[in-house]
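**Student:** Take this structure, written in structure tokens, and hold onto it; I'll ask about it next.
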Amino acid sequence: MARKIVITSGKGGVGKTTVTANLGVQLAKKGYRVIVCDLDFGLNNVDVVLGTENLALYDIVDAVEGRCRPKQALIRHPRYSTLYSLASNRIADRYVSPQAVRLVLDSLSSQFDFILVDSPAGIDEGFHRAVCCAEEALVVTTPHISAMRDADKVAGMLKSYRLLNVGLVVNLVRGDMLKRGEVLSPEAISETLRLPLVAVIPEEDKIFLNNITEKSRAFRFLAANCAFGKNKMFDPQKKYGGLVGAIRRSLKRNL
């Protein structure tokens with residue numbers, strides 16, 4: 001049966017959907033059969049991040065309401081043969097119950113290794129719908145006080161669900177600021193939120209998914225940590241050490 005992992009955050013704009021999509025890609029590259037399920041009704045964009053937005057014939061609401069079989073709603077990624085997306089729907093006029101969504105995902109579970117559920121930000125109805133479908137969770141935050149405070153609220157809410165594992169992903173970490181002590185370290189954030197650190201993702205201007213970049217390396221570590229229980233972290237400070245690193249920090253500060 002698939003491991004169902006919900007990726008959530010308290011605050012919008014912390015890169016939750018990017019984390020979900022990239023984790024799905026890296027797991028698929030390792031040969032795992034993966035579904036990336038978008039449960040962010042209204043602001044659904046997992047298919048856009050994955051580049052499958054023009055391939056969907058059905059979405060998860062079609063599967064819930066019986067207009068197609070759950071498997072028909074899956075979209076196979078054109079590049080990664082074991083990666084599928086399950087699109088969301090911009091619904092505004094009807095209620096979709098957590099139990100109905102879970103039934104759809106459970107019917108697919110035996111055919112896959114991972115089901116990654118992209119949750120809407122916040123702790124309203126959409127959050128509870130997404131968490132009800134999962135047995136594990138990743139909380140995404142950034143090293144900003146407002147994001148951390150909201151992540152702490154989410155972590156508190158997750159305790160009531162008795163999930164098997166809840167981990168922390170610290171996203172958009174600037175190594176130069178970390179080196180200068182201008183932001184909390186991921187380890188300090190982990191200790192503050194009382195959540196085990198699963199990944200550190202650097203801030204980077206380059207495009208994700210297909211490029212061999214620092215960010216993609218960090219996502220490979222995240223996939224290995226999730227799949228194999230490893231504890232390998234990307235070090236965003238590494239390139240800012242020594243004389244060359246000091247020059248890089250100076251250039252970053254002056255931008």
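Going through the structure tokens in order, the chains are called A, B, and so on, while each chain numbers its residues from 1 and the ligands are numbered from 1 in the order shown.
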I want to know what sits within 10 Å of A:His128, based on only C-alpha atoms, with residues of the same chain fewer than 2 positions away left out; could you give that as a list of chain:residue names?

**Tutor:**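 Answer for this query is A:Ser97, A:Pro98, A:Ser119, A:Pro120, A:Gly122, A:Ile123, A:Asp124, A:Glu125, A:Gly126, A:Ala130, A:Val131, A:Cys132, A:Cys133, A:Met157, A:Leu158, A:Tyr161.
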
**Student:** Filtering to N, CA, C and O atoms, could you give me those residues as a tab-separated table (two decimals), in the first residue's frame?

**Tutor:**
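File written: part-v2.tsv
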chain	number	residue	atom	x	y	z
A	97	SER	N	-16.39	15.94	0.71
A	97	SER	CA	-16.05	15.47	2.05
A	97	SER	C	-14.67	14.82	2.08
A	97	SER	O	-14.21	14.24	1.08
A	98	PRO	N	-14.00	14.89	3.22
A	98	PRO	CA	-12.71	14.21	3.36
A	98	PRO	C	-12.83	12.71	3.13
A	98	PRO	O	-11.95	12.08	2.55
A	119	SER	N	-1.63	20.16	0.24
A	119	SER	CA	-2.69	20.77	1.04
A	119	SER	C	-2.72	22.28	0.83
A	119	SER	O	-1.68	22.90	0.58
A	120	PRO	N	-3.90	22.90	0.92
A	120	PRO	CA	-3.92	24.36	0.92
A	120	PRO	C	-3.28	24.90	2.20
A	120	PRO	O	-3.24	24.21	3.22
A	122	GLY	N	-2.88	27.17	5.55
A	122	GLY	CA	-3.85	27.51	6.59
A	122	GLY	C	-4.38	26.28	7.29
A	122	GLY	O	-3.94	25.15	7.07
A	123	ILE	N	-5.39	26.50	8.15
A	123	ILE	CA	-5.95	25.40	8.94
A	123	ILE	C	-7.48	25.38	8.85
A	123	ILE	O	-8.16	25.03	9.79
A	124	ASP	N	-7.98	25.72	7.67
A	124	ASP	CA	-9.43	25.71	7.50
A	124	ASP	C	-9.89	24.37	6.95
A	124	ASP	O	-9.19	23.35	7.03
A	125	GLU	N	-11.06	24.33	6.35
A	125	GLU	CA	-11.67	23.09	5.87
A	125	GLU	C	-10.77	22.31	4.92
A	125	GLU	O	-10.65	21.09	4.99
A	126	GLY	N	-10.11	23.02	3.99
A	126	GLY	CA	-9.25	22.36	3.02
A	126	GLY	C	-8.08	21.64	3.67
A	126	GLY	O	-7.67	20.56	3.23
A	130	ALA	N	-7.35	17.52	3.48
A	130	ALA	CA	-6.09	16.95	3.01
A	130	ALA	C	-5.45	16.04	4.06
A	130	ALA	O	-4.98	14.94	3.74
A	131	VAL	N	-5.43	16.49	5.31
A	131	VAL	CA	-4.77	15.71	6.36
A	131	VAL	C	-5.51	14.41	6.62
A	131	VAL	O	-4.90	13.38	6.92
A	132	CYS	N	-6.84	14.43	6.49
A	132	CYS	CA	-7.63	13.21	6.72
A	132	CYS	C	-7.28	12.10	5.74
A	132	CYS	O	-7.55	10.93	6.00
A	133	CYS	N	-6.68	12.45	4.62
A	133	CYS	CA	-6.34	11.47	3.58
A	133	CYS	C	-4.96	10.87	3.76
A	133	CYS	O	-4.54	10.04	2.94
A	157	MET	N	-2.07	21.42	15.28
A	157	MET	CA	-3.28	20.81	14.73
A	157	MET	C	-3.02	19.37	14.31
A	157	MET	O	-3.88	18.49	14.48
A	158	LEU	N	-1.84	19.10	13.77
A	158	LEU	CA	-1.54	17.76	13.28
A	158	LEU	C	-1.48	16.73	14.41
A	158	LEU	O	-1.71	15.54	14.18
A	161	TYR	N	-4.35	14.32	14.89
A	161	TYR	CA	-4.62	13.30	13.88
A	161	TYR	C	-3.84	12.00	14.11
A	161	TYR	O	-4.03	11.03	13.39

**Student:** Can you list, as a list of chain:residue names, every protein, DNA or RNA residue that comes within 8 Å of stretch 29-40 of chain A when you count only C-alpha atoms, leaving out same-chain residues fewer than 4 positions away?

**Tutor:**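 The residues that qualify are A:Thr20, A:Ala21, A:Gly24, A:Val25, A:Asn44, A:Asn45, A:Val46, A:Tyr80, A:Thr82, A:Leu83, A:Tyr84, A:Ser85, A:Leu86, A:Ala87, A:Ser88, A:Gln111, A:Phe112, A:Asp113, A:Phe114, A:Ile115, A:Leu116, A:Val117, A:Asp118, A:Ser119, A:Pro120, A:Gly126, A:Arg129, A:Ala130.
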
**Student:** Could you write those residues out with N, CA, C and O atoms, as a tab-separated table (two decimals), in the first residue's frame?

**Tutor:**
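File written: out-v9.tsv
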chain	number	residue	atom	x	y	z
A	20	THR	N	6.26	19.78	-2.95
A	20	THR	CA	5.49	18.58	-3.28
A	20	THR	C	5.85	18.05	-4.65
A	20	THR	O	6.12	16.85	-4.83
A	21	ALA	N	5.87	18.93	-5.64
A	21	ALA	CA	6.16	18.52	-7.02
A	21	ALA	C	7.57	17.96	-7.16
A	21	ALA	O	7.79	16.92	-7.78
A	24	GLY	N	7.97	14.58	-5.59
A	24	GLY	CA	7.39	13.57	-6.47
A	24	GLY	C	8.32	13.20	-7.60
A	24	GLY	O	8.49	12.01	-7.93
A	25	VAL	N	8.95	14.19	-8.21
A	25	VAL	CA	9.88	13.95	-9.31
A	25	VAL	C	11.07	13.12	-8.84
A	25	VAL	O	11.48	12.13	-9.49
A	44	ASN	N	-5.57	25.66	-7.28
A	44	ASN	CA	-4.89	24.44	-7.72
A	44	ASN	C	-3.85	24.75	-8.80
A	44	ASN	O	-4.17	25.30	-9.83
A	45	ASN	N	-2.61	24.34	-8.55
A	45	ASN	CA	-1.58	24.58	-9.57
A	45	ASN	C	-0.48	23.54	-9.59
A	45	ASN	O	0.58	23.76	-10.18
A	46	VAL	N	-0.70	22.36	-8.97
A	46	VAL	CA	0.29	21.30	-9.05
A	46	VAL	C	0.51	20.89	-10.49
A	46	VAL	O	1.65	20.66	-10.93
A	80	TYR	N	8.50	11.42	-16.80
A	80	TYR	CA	8.78	10.43	-15.76
A	80	TYR	C	7.65	9.42	-15.75
A	80	TYR	O	6.53	9.73	-15.30
A	82	THR	N	6.78	6.83	-14.06
A	82	THR	CA	6.14	6.34	-12.83
A	82	THR	C	5.53	7.47	-11.99
A	82	THR	O	5.13	7.24	-10.86
A	83	LEU	N	5.50	8.67	-12.56
A	83	LEU	CA	4.94	9.83	-11.86
A	83	LEU	C	3.59	10.22	-12.46
A	83	LEU	O	3.48	10.41	-13.67
A	84	TYR	N	2.59	10.34	-11.59
A	84	TYR	CA	1.25	10.71	-12.02
A	84	TYR	C	0.78	11.90	-11.18
A	84	TYR	O	1.14	12.04	-10.01
A	85	SER	N	-0.04	12.73	-11.80
A	85	SER	CA	-0.68	13.81	-11.03
A	85	SER	C	-2.19	13.58	-11.02
A	85	SER	O	-2.75	12.98	-11.95
A	86	LEU	N	-2.82	14.03	-9.97
A	86	LEU	CA	-4.27	13.97	-9.82
A	86	LEU	C	-4.73	15.39	-9.60
A	86	LEU	O	-4.53	15.97	-8.53
A	87	ALA	N	-5.32	15.97	-10.65
A	87	ALA	CA	-5.61	17.40	-10.64
A	87	ALA	C	-6.75	17.74	-9.69
A	87	ALA	O	-7.60	16.91	-9.37
A	88	SER	N	-6.77	18.99	-9.26
A	88	SER	CA	-7.81	19.51	-8.41
A	88	SER	C	-8.89	20.17	-9.27
A	88	SER	O	-8.91	20.02	-10.49
A	111	GLN	N	-1.62	0.29	-5.98
A	111	GLN	CA	-0.87	0.32	-7.24
A	111	GLN	C	0.33	1.27	-7.19
A	111	GLN	O	1.04	1.40	-8.19
A	112	PHE	N	0.52	1.96	-6.05
A	112	PHE	CA	1.56	2.98	-5.96
A	112	PHE	C	2.37	2.85	-4.68
A	112	PHE	O	1.95	2.18	-3.73
A	113	ASP	N	3.53	3.49	-4.69
A	113	ASP	CA	4.41	3.47	-3.52
A	113	ASP	C	4.21	4.71	-2.64
A	113	ASP	O	4.33	4.62	-1.42
A	114	PHE	N	3.96	5.85	-3.28
A	114	PHE	CA	3.76	7.11	-2.55
A	114	PHE	C	2.57	7.86	-3.14
A	114	PHE	O	2.40	7.92	-4.37
A	115	ILE	N	1.76	8.44	-2.27
A	115	ILE	CA	0.75	9.42	-2.67
A	115	ILE	C	1.05	10.69	-1.89
A	115	ILE	O	0.96	10.72	-0.66
A	116	LEU	N	1.49	11.73	-2.61
A	116	LEU	CA	1.82	13.02	-1.99
A	116	LEU	C	0.61	13.94	-2.15
A	116	LEU	O	0.16	14.19	-3.27
A	117	VAL	N	0.12	14.45	-1.04
A	117	VAL	CA	-1.08	15.28	-1.04
A	117	VAL	C	-0.70	16.73	-0.79
A	117	VAL	O	-0.17	17.07	0.28
A	118	ASP	N	-0.94	17.57	-1.78
A	118	ASP	CA	-0.65	19.00	-1.64
A	118	ASP	C	-1.84	19.68	-0.97
A	118	ASP	O	-2.93	19.77	-1.54
A	119	SER	N	-1.63	20.16	0.24
A	119	SER	CA	-2.69	20.77	1.04
A	119	SER	C	-2.72	22.28	0.83
A	119	SER	O	-1.68	22.90	0.58
A	120	PRO	N	-3.90	22.90	0.92
A	120	PRO	CA	-3.92	24.36	0.92
A	120	PRO	C	-3.28	24.90	2.20
A	120	PRO	O	-3.24	24.21	3.22
A	126	GLY	N	-10.11	23.02	3.99
A	126	GLY	CA	-9.25	22.36	3.02
A	126	GLY	C	-8.08	21.64	3.67
A	126	GLY	O	-7.67	20.56	3.23
A	129	ARG	N	-9.41	18.41	5.16
A	129	ARG	CA	-9.70	17.46	4.09
A	129	ARG	C	-8.42	16.75	3.64
A	129	ARG	O	-8.40	15.54	3.44
A	130	ALA	N	-7.35	17.52	3.48
A	130	ALA	CA	-6.09	16.95	3.01
A	130	ALA	C	-5.45	16.04	4.06
A	130	ALA	O	-4.98	14.94	3.74

**Student:** Would you kindly return, as a PyMOL selection string, each protein, DNA or RNA residue with an atom no farther than 10 Å from any atom of stretch 195-204 of chain A, considering only C-alpha atoms and excluding same-chain residues fewer than 4 positions away?

**Tutor:** chain A and resi 15+19+138-140+142+152+155+165-175+185-191+208+213-226+229-237

**Student:** Restricting the output to N, CA and C atoms, write the selected residues as a compact mmCIF listing (two decimals), in the first residue's frame.

**Tutor:**
# COMPACT_ATOMS: atom_id res chain seq x y z
N GLY A 15 6.40 27.95 -0.58
CA GLY A 15 6.91 26.99 -1.55
C GLY A 15 6.42 25.57 -1.35
N VAL A 19 7.74 22.16 -3.26
CA VAL A 19 8.30 21.04 -2.51
C VAL A 19 7.59 19.74 -2.88
N LEU A 138 4.47 16.37 6.11
CA LEU A 138 5.63 17.26 6.07
C LEU A 138 5.13 18.69 6.21
N VAL A 139 5.66 19.41 7.16
CA VAL A 139 5.31 20.81 7.36
C VAL A 139 6.41 21.66 6.71
N VAL A 140 6.01 22.55 5.80
CA VAL A 140 6.95 23.40 5.10
C VAL A 140 6.92 24.81 5.70
N THR A 142 9.58 28.64 6.10
CA THR A 142 10.79 29.37 5.74
C THR A 142 11.38 29.95 7.02
N ASP A 152 3.96 26.51 13.43
CA ASP A 152 3.76 26.00 14.79
C ASP A 152 2.28 25.70 15.04
N ALA A 155 1.53 22.47 13.21
CA ALA A 155 2.09 21.33 13.93
C ALA A 155 1.20 20.94 15.10
N ASN A 165 4.16 9.84 11.17
CA ASN A 165 5.36 10.68 11.15
C ASN A 165 4.98 12.10 10.76
N VAL A 166 5.58 13.07 11.42
CA VAL A 166 5.45 14.48 11.03
C VAL A 166 6.85 15.07 10.99
N GLY A 167 7.26 15.55 9.82
CA GLY A 167 8.59 16.10 9.66
C GLY A 167 8.56 17.54 9.20
N LEU A 168 9.73 18.17 9.21
CA LEU A 168 9.84 19.59 8.88
C LEU A 168 10.75 19.79 7.66
N VAL A 169 10.29 20.61 6.72
CA VAL A 169 11.10 21.04 5.59
C VAL A 169 11.28 22.55 5.71
N VAL A 170 12.52 23.00 5.81
CA VAL A 170 12.81 24.43 5.86
C VAL A 170 13.21 24.86 4.45
N ASN A 171 12.39 25.67 3.83
CA ASN A 171 12.55 26.05 2.43
C ASN A 171 13.07 27.49 2.31
N LEU A 172 13.64 27.79 1.15
CA LEU A 172 14.09 29.14 0.82
C LEU A 172 15.12 29.67 1.82
N VAL A 173 16.11 28.83 2.11
CA VAL A 173 17.16 29.20 3.05
C VAL A 173 18.30 29.87 2.30
N ARG A 174 18.65 31.08 2.69
CA ARG A 174 19.78 31.79 2.08
C ARG A 174 21.05 31.53 2.88
N GLY A 175 22.00 30.87 2.22
CA GLY A 175 23.23 30.50 2.90
C GLY A 175 24.04 31.69 3.36
N SER A 185 18.97 29.15 12.10
CA SER A 185 19.40 27.98 11.36
C SER A 185 18.23 26.99 11.27
N PRO A 186 18.24 26.12 10.25
CA PRO A 186 17.19 25.08 10.17
C PRO A 186 17.14 24.22 11.43
N GLU A 187 18.29 23.93 12.02
CA GLU A 187 18.31 23.13 13.24
C GLU A 187 17.62 23.85 14.40
N ALA A 188 17.84 25.17 14.49
CA ALA A 188 17.17 25.95 15.54
C ALA A 188 15.67 26.02 15.30
N ILE A 189 15.27 26.13 14.03
CA ILE A 189 13.84 26.14 13.70
C ILE A 189 13.21 24.81 14.07
N SER A 190 13.91 23.72 13.75
CA SER A 190 13.42 22.39 14.10
C SER A 190 13.22 22.25 15.60
N GLU A 191 14.19 22.75 16.36
CA GLU A 191 14.08 22.67 17.83
C GLU A 191 12.94 23.54 18.34
N PHE A 208 13.44 24.98 -11.26
CA PHE A 208 13.54 23.69 -10.62
C PHE A 208 13.14 22.57 -11.58
N THR A 213 20.73 21.55 -10.22
CA THR A 213 21.07 22.73 -9.45
C THR A 213 21.23 22.34 -7.99
N GLU A 214 21.63 23.33 -7.19
CA GLU A 214 21.71 23.08 -5.75
C GLU A 214 20.36 22.67 -5.19
N LYS A 215 19.31 23.32 -5.67
CA LYS A 215 17.98 23.01 -5.17
C LYS A 215 17.59 21.57 -5.50
N SER A 216 17.90 21.11 -6.71
CA SER A 216 17.55 19.73 -7.07
C SER A 216 18.33 18.73 -6.22
N ARG A 217 19.58 19.07 -5.88
CA ARG A 217 20.35 18.22 -4.96
C ARG A 217 19.67 18.14 -3.61
N ALA A 218 19.17 19.26 -3.13
CA ALA A 218 18.49 19.28 -1.84
C ALA A 218 17.23 18.42 -1.88
N PHE A 219 16.52 18.44 -3.01
CA PHE A 219 15.32 17.62 -3.14
C PHE A 219 15.67 16.14 -3.25
N ARG A 220 16.83 15.82 -3.83
CA ARG A 220 17.27 14.42 -3.84
C ARG A 220 17.50 13.93 -2.42
N PHE A 221 18.10 14.79 -1.59
CA PHE A 221 18.29 14.42 -0.18
C PHE A 221 16.94 14.21 0.50
N LEU A 222 15.97 15.10 0.23
CA LEU A 222 14.64 14.97 0.82
C LEU A 222 14.01 13.64 0.43
N ALA A 223 14.10 13.27 -0.86
CA ALA A 223 13.52 12.01 -1.32
C ALA A 223 14.18 10.82 -0.63
N ALA A 224 15.51 10.87 -0.51
CA ALA A 224 16.22 9.77 0.16
C ALA A 224 15.84 9.69 1.63
N ASN A 225 15.70 10.84 2.27
CA ASN A 225 15.31 10.85 3.68
C ASN A 225 13.91 10.28 3.87
N CYS A 226 13.00 10.61 2.95
CA CYS A 226 11.62 10.10 3.05
C CYS A 226 11.56 8.60 2.73
N GLY A 229 14.67 6.66 5.12
CA GLY A 229 14.90 7.03 6.51
C GLY A 229 16.27 7.61 6.78
N LYS A 230 16.92 8.13 5.73
CA LYS A 230 18.23 8.73 5.92
C LYS A 230 18.10 10.10 6.56
N ASN A 231 19.23 10.70 6.88
CA ASN A 231 19.21 12.01 7.54
C ASN A 231 20.28 12.91 6.93
N LYS A 232 20.31 12.97 5.60
CA LYS A 232 21.31 13.76 4.90
C LYS A 232 20.71 15.12 4.56
N MET A 233 21.38 16.19 4.95
CA MET A 233 20.88 17.54 4.75
C MET A 233 21.77 18.33 3.81
N PHE A 234 21.16 19.11 2.96
CA PHE A 234 21.90 20.04 2.12
C PHE A 234 22.42 21.17 3.01
N ASP A 235 23.68 21.59 2.77
CA ASP A 235 24.28 22.67 3.55
C ASP A 235 24.33 23.94 2.71
N PRO A 236 23.40 24.88 2.91
CA PRO A 236 23.39 26.10 2.10
C PRO A 236 24.53 27.06 2.41
N GLN A 237 25.26 26.83 3.52
CA GLN A 237 26.37 27.71 3.88
C GLN A 237 27.68 27.32 3.21

**Student:** As an exercise, work out the distance from atom CA of A:His77 to atom CA of A:Gln99 in Å and give it to one decimal place.

**Tutor:**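 Pair atom CA of A:His77 / atom CA of A:Gln99 returns 27.0 Å.
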
**Student:** When you count only C-alpha atoms, which of these residues is closest to A:Gly12: A:Leu43, A:Asp176, A:Arg162, A:Leu55?

**Tutor:**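 The shortest atom-to-atom distance to A:Gly12 comes from A:Leu43.
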
**Student:** From a DSSP pass on the backbone, collect the residues of stretch 43-110 of chain A flagged as strand (DSSP E) and hand them back as a list in words.

**Tutor:**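 Written out, the strand (DSSP E) residues of stretch 43-110 of chain A are Leu74, Ile75, Arg76, Leu83, Tyr84, Ser85 and Leu86 of chain A.
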
**Student:** Could you turn the residues from that selection into a file that holds C-alpha atoms, as an mmCIF file, in the first residue's frame?

**Tutor:**
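Wrote selection31.cif, looks like this:
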data_model
loop_
_atom_site.group_PDB
_atom_site.id
_atom_site.type_symbol
_atom_site.label_atom_id
_atom_site.label_comp_id
_atom_site.auth_asym_id
_atom_site.auth_seq_id
_atom_site.Cartn_x
_atom_site.Cartn_y
_atom_site.Cartn_z
ATOM 1 C CA LEU A 74 -4.614 10.198 -13.216
ATOM 2 C CA ILE A 75 -2.277 12.044 -15.594
ATOM 3 C CA ARG A 76 1.000 10.301 -16.407
ATOM 4 C CA LEU A 83 4.941 9.829 -11.856
ATOM 5 C CA TYR A 84 1.255 10.712 -12.021
ATOM 6 C CA SER A 85 -0.682 13.807 -11.033
ATOM 7 C CA LEU A 86 -4.266 13.969 -9.819
#

**Student:** Just how far from atom CA of A:Val154 is atom CA of A:Glu53, in Å to one decimal?

**Tutor:**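 Interatomic distance here is 29.2 Å.
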
**Student:** Need the shell around A:Ala121: protein/DNA/RNA residues with any atom at most 10 Å away, counting only C-alpha atoms. Skip same-chain ones fewer than 6 positions apart. Format as an MDAnalysis selection string?

**Tutor:** chainID A and resid 7:14 16:17 40 127 140 150:151 154
